[in-house]
Amino acid sequence: MSLDHASQLDEETPLLQSQGGALAKKAKTPLPWRQFSMLLVLQIAEPLTSQVISPFAPQLIRDIGITHGDEALVSFYVGLMHSLFFATEALTIFHWSRLSDYVGRKPVLLIGLFGLSLSMFCFGLSTTFLGLVVSRCLNGALNGNIGIMKSMTAEITDSTNMAQAFAFLPLVWASGTTLGPLIGGGLARPADRFPHIFGRSEFLKTYPYFLPCAIPAAVSALSWIVIFMFLKETRTPQVTISQLILPWKKRKSNALPALQSGSASSSSSDPTATPISDKPLPIRALLIRRVLIAAGSYAGIALIDIAFRTVQPVFYATPISLGGLGLDTPTIGTILAAQGVVNGLLQPLIFPKLHDIMGAKILFLFAVTSALPMIALFPVINMLARSAGIIYGVWSLVGLQVVLLSFANFAYGISFMYISASSPNRASVGATNGLAQMIVSVMRAVGPAAANSAFSISVETVSWGKYGILCHGRYGVYGDGCRCPVTSYVA
């Protein structure tokens, strides 16, 4: 067998083998925990930095005086700060992921960690709304790590342990979304809350929100050191960062045809050039059916999930007469905390086993189908509360809804695997993940505003149309899932 033919077979080897195929079933490969644990620490950075401001954001907006005492504007500016993170992330994450295909994963991860740490320190030191906006935009713009981490997870695993690895990602995300608000709520305005410890600190009196912002910033800084020293590169660089920055070095490089115009002619005349199948492909080559289906499914799941999570606490707090449950803040917090615990436990414990039993496609369709009764329970719960009050049956339905959300989140793990496996070649895995994450960031930027607006309109008209919107979104994702293959795409 020739070397070219062997290379072609390697490029065309499925990332996930068919369970019923002719190939013998492989023994399960242990997870590379040393490397994987570092990726999990990196994964927690995004939800930690995005959610740490949630508890004190309203009071921060009041303190800087941008609303001029108009309480109705507080929610608008708080929502704007949250959306800016995902909006700027959507503009840059694809380019960071694509850059990692050229220079390697590790340099881009280090840049992202530095950006997260710097932006959070700046946010804590901001005393004007402009400063908050710039810090938040910097936070999202430099946060390109999430797509790269998924690429690295796919590259350090194989078909026997990939499902187990991706099952941990929702657990880490849930941990970040839980720890972030706890840090933000517990450490905001420390000079007022803990005068015996911080009461003499003029710095913390001047910058009362610096301490909660400094915690995720310090975590990112420590992670930078660990990644720099111990994380192994999973992608052979096509070019170094210095060759990208310095033109005279760039011209001397033989690994650059894919970055330059006229690459086809130059590579064909250069016998030492890397085969095209080993090079990162242009953006147009990524816009193929299998990539778009996988990315569209992921985006649809993310939209339904963020819309549900946005409406859920509002539904709990809305009076029963207007279509909600009329619960108080501590009760809502307890439900959401229990939801995070349940979701965090079910993902690593049950998802890998269901994947082995049901297969990727059937499990994906099962997860998406779970979203339908999850959404349909909103009006059912309200109807029961209207007729009988907050009784045991209402709490049972709320618990069922929490479990169904965990089942629906199984679709995330399958989507991560499909996206990594749908890449046209192994050299474009980062760009493929970045493209999908860019679309998802757009959904997460517009989803909360759209869902809350629909809920507000339906409350005014006493309509259940808000739930119909979510159900229609679920059918769209189900349709994409039916077009996904039983086995994953070629990596």
# chains A, B, ... in the order shown; residues from 1 in each chain; ligands from 1
>>> residues_around(residues="Leu31 (chain A)", least_positions_apart="3", cutoff="9 Å", atoms="only C-alpha atoms", output="ChimeraX atom specification")
/A:34-36,156-157,161-162,164-165
>>> closest_residue(among="A:Phe166, A:Phe129, A:Leu435, A:Leu116", to="Leu142 (chain A)", atoms="only C-alpha atoms")
A:Leu116
>>> select_by_dssp(residues="region 93-171 of chain A", states="alpha helix (DSSP H)", output="JSON, numbers by chain")
{"A": [93, 94, 95, 96, 97, 98, 99, 100, 101, 102, 103, 105, 106, 107, 108, 109, 110, 111, 112, 113, 114, 115, 116, 117, 118, 119, 120, 121, 122, 123, 124, 125, 129, 130, 131, 132, 133, 134, 135, 136, 137, 138, 139, 140, 141, 145, 146, 147, 148, 149, 150, 151, 152, 153, 154, 155, 156, 162, 163, 164, 165, 166, 167, 168, 169, 170, 171]}
>>> closest_atom_pairs(of="region 91-150 of chain A", to="region 42-51 of chain A", cutoff="8 Å", atoms="only C-alpha atoms", output="tab-separated table")
residue	atom	partner	partner_atom	distance
A:Leu116	CA	A:Thr49	CA	7.7
A:Met120	CA	A:Thr49	CA	7.3
A:Asn143	CA	A:Glu46	CA	7.4
A:Asn145	CA	A:Leu42	CA	7.7
A:Ile146	CA	A:Gln43	CA	6.4
A:Met149	CA	A:Gln43	CA	7.1
>>> write_last_selection(atoms="all heavy atoms", output="PDB file, in the first residue's frame")
ATOM      1  N   LEU A 116      -9.519  36.750  29.091  1.00  0.00           N
ATOM      2  CA  LEU A 116     -10.546  36.604  30.124  1.00  0.00           C
ATOM      3  C   LEU A 116     -10.092  37.246  31.438  1.00  0.00           C
ATOM      4  O   LEU A 116     -10.861  37.951  32.101  1.00  0.00           O
ATOM      5  CB  LEU A 116     -10.864  35.124  30.340  1.00  0.00           C
ATOM      6  CG  LEU A 116     -11.713  34.416  29.287  1.00  0.00           C
ATOM      7  CD1 LEU A 116     -11.899  32.958  29.655  1.00  0.00           C
ATOM      8  CD2 LEU A 116     -13.061  35.091  29.127  1.00  0.00           C
ATOM      9  N   MET A 120     -11.876  40.717  33.055  1.00  0.00           N
ATOM     10  CA  MET A 120     -12.570  40.674  34.335  1.00  0.00           C
ATOM     11  C   MET A 120     -11.960  41.650  35.336  1.00  0.00           C
ATOM     12  O   MET A 120     -12.674  42.277  36.123  1.00  0.00           O
ATOM     13  CB  MET A 120     -12.549  39.257  34.913  1.00  0.00           C
ATOM     14  CG  MET A 120     -13.455  38.277  34.175  1.00  0.00           C
ATOM     15  SD  MET A 120     -15.157  38.860  33.979  1.00  0.00           S
ATOM     16  CE  MET A 120     -15.688  39.005  35.680  1.00  0.00           C
ATOM     17  N   ASN A 143     -12.787  35.563  24.111  1.00  0.00           N
ATOM     18  CA  ASN A 143     -13.202  34.270  24.661  1.00  0.00           C
ATOM     19  C   ASN A 143     -13.463  33.284  23.528  1.00  0.00           C
ATOM     20  O   ASN A 143     -14.600  32.913  23.274  1.00  0.00           O
ATOM     21  CB  ASN A 143     -14.452  34.453  25.535  1.00  0.00           C
ATOM     22  CG  ASN A 143     -14.802  33.179  26.285  1.00  0.00           C
ATOM     23  OD1 ASN A 143     -13.923  32.428  26.671  1.00  0.00           O
ATOM     24  ND2 ASN A 143     -16.085  32.939  26.459  1.00  0.00           N
ATOM     25  N   ASN A 145     -12.106  30.271  23.446  1.00  0.00           N
ATOM     26  CA  ASN A 145     -11.601  28.980  23.893  1.00  0.00           C
ATOM     27  C   ASN A 145     -12.615  27.850  23.837  1.00  0.00           C
ATOM     28  O   ASN A 145     -12.229  26.686  23.722  1.00  0.00           O
ATOM     29  CB  ASN A 145     -11.077  29.093  25.330  1.00  0.00           C
ATOM     30  CG  ASN A 145      -9.778  29.861  25.408  1.00  0.00           C
ATOM     31  OD1 ASN A 145      -9.192  30.203  24.388  1.00  0.00           O
ATOM     32  ND2 ASN A 145      -9.329  30.151  26.613  1.00  0.00           N
ATOM     33  N   ILE A 146     -13.895  28.176  23.914  1.00  0.00           N
ATOM     34  CA  ILE A 146     -14.871  27.098  24.075  1.00  0.00           C
ATOM     35  C   ILE A 146     -14.916  26.188  22.852  1.00  0.00           C
ATOM     36  O   ILE A 146     -14.986  24.960  22.965  1.00  0.00           O
ATOM     37  CB  ILE A 146     -16.272  27.674  24.407  1.00  0.00           C
ATOM     38  CG1 ILE A 146     -17.240  26.548  24.714  1.00  0.00           C
ATOM     39  CG2 ILE A 146     -16.784  28.578  23.280  1.00  0.00           C
ATOM     40  CD1 ILE A 146     -18.527  27.024  25.307  1.00  0.00           C
ATOM     41  N   MET A 149     -11.654  24.077  22.819  1.00  0.00           N
ATOM     42  CA  MET A 149     -11.660  22.998  23.816  1.00  0.00           C
ATOM     43  C   MET A 149     -12.437  21.784  23.313  1.00  0.00           C
ATOM     44  O   MET A 149     -12.049  20.638  23.548  1.00  0.00           O
ATOM     45  CB  MET A 149     -12.234  23.505  25.130  1.00  0.00           C
ATOM     46  CG  MET A 149     -11.286  24.434  25.878  1.00  0.00           C
ATOM     47  SD  MET A 149     -11.958  24.962  27.459  1.00  0.00           S
ATOM     48  CE  MET A 149     -13.236  26.085  26.928  1.00  0.00           C
TER      49      MET A 149
END
>>> closest_atom_pairs(of="region 309-400 of chain A", to="region 405-419 of chain A", cutoff="6 Å", atoms="only C-alpha atoms", output="Markdown table")
| residue | atom | partner | partner_atom | distance |
| --- | --- | --- | --- | --- |
| A:Asn343 | CA | A:Ser406 | CA | 4.9 |
| A:Phe364 | CA | A:Ala411 | CA | 5.1 |
| A:Ala367 | CA | A:Ala408 | CA | 4.2 |
| A:Val368 | CA | A:Ala408 | CA | 5.6 |
| A:Ser370 | CA | A:Ala408 | CA | 5.4 |
| A:Ala371 | CA | A:Ala408 | CA | 5.6 |
>>> residues_around(residues="Asp192 (chain A)", least_positions_apart="2", cutoff="12 Å", atoms="only C-alpha atoms", output="list of chain:residue names")
A:Gly186, A:Leu187, A:Ala188, A:Arg189, A:Pro190, A:Phe194, A:Pro195, A:His196, A:Ile197, A:Phe198, A:Gly199, A:Arg200, A:Ser201, A:Glu202, A:Leu204, A:Lys205, A:Thr206, A:Tyr207, A:Pro208, A:Tyr209
>>> atom_distance(atom1="CA of Met229 (chain A)", atom2="CA of Gly104 (chain A)")
15.5 Å
>>> closest_residue(among="A:Ala431, A:Ala154, A:Val402, A:Leu354", to="Ala338 (chain A)", atoms="only C-alpha atoms")
A:Val402
>>> atom_distance(atom1="CA of Gly323 (chain A)", atom2="CA of Ala307 (chain A)")
17.0 Å
>>> residues_around(residues="Ala221 (chain A)", least_positions_apart="5", cutoff="9 Å", atoms="only C-alpha atoms", output="ChimeraX atom specification")
/A:113-114,116-118,216,226
>>> residues_around(residues="region 330-336 of chain A", least_positions_apart="4", cutoff="7 Å", atoms="only C-alpha atoms", output="ChimeraX atom specification")
/A:313,316,340
>>> atom_distance(atom1="CA of Leu73 (chain A)", atom2="CA of Phe56 (chain A)")
15.5 Å
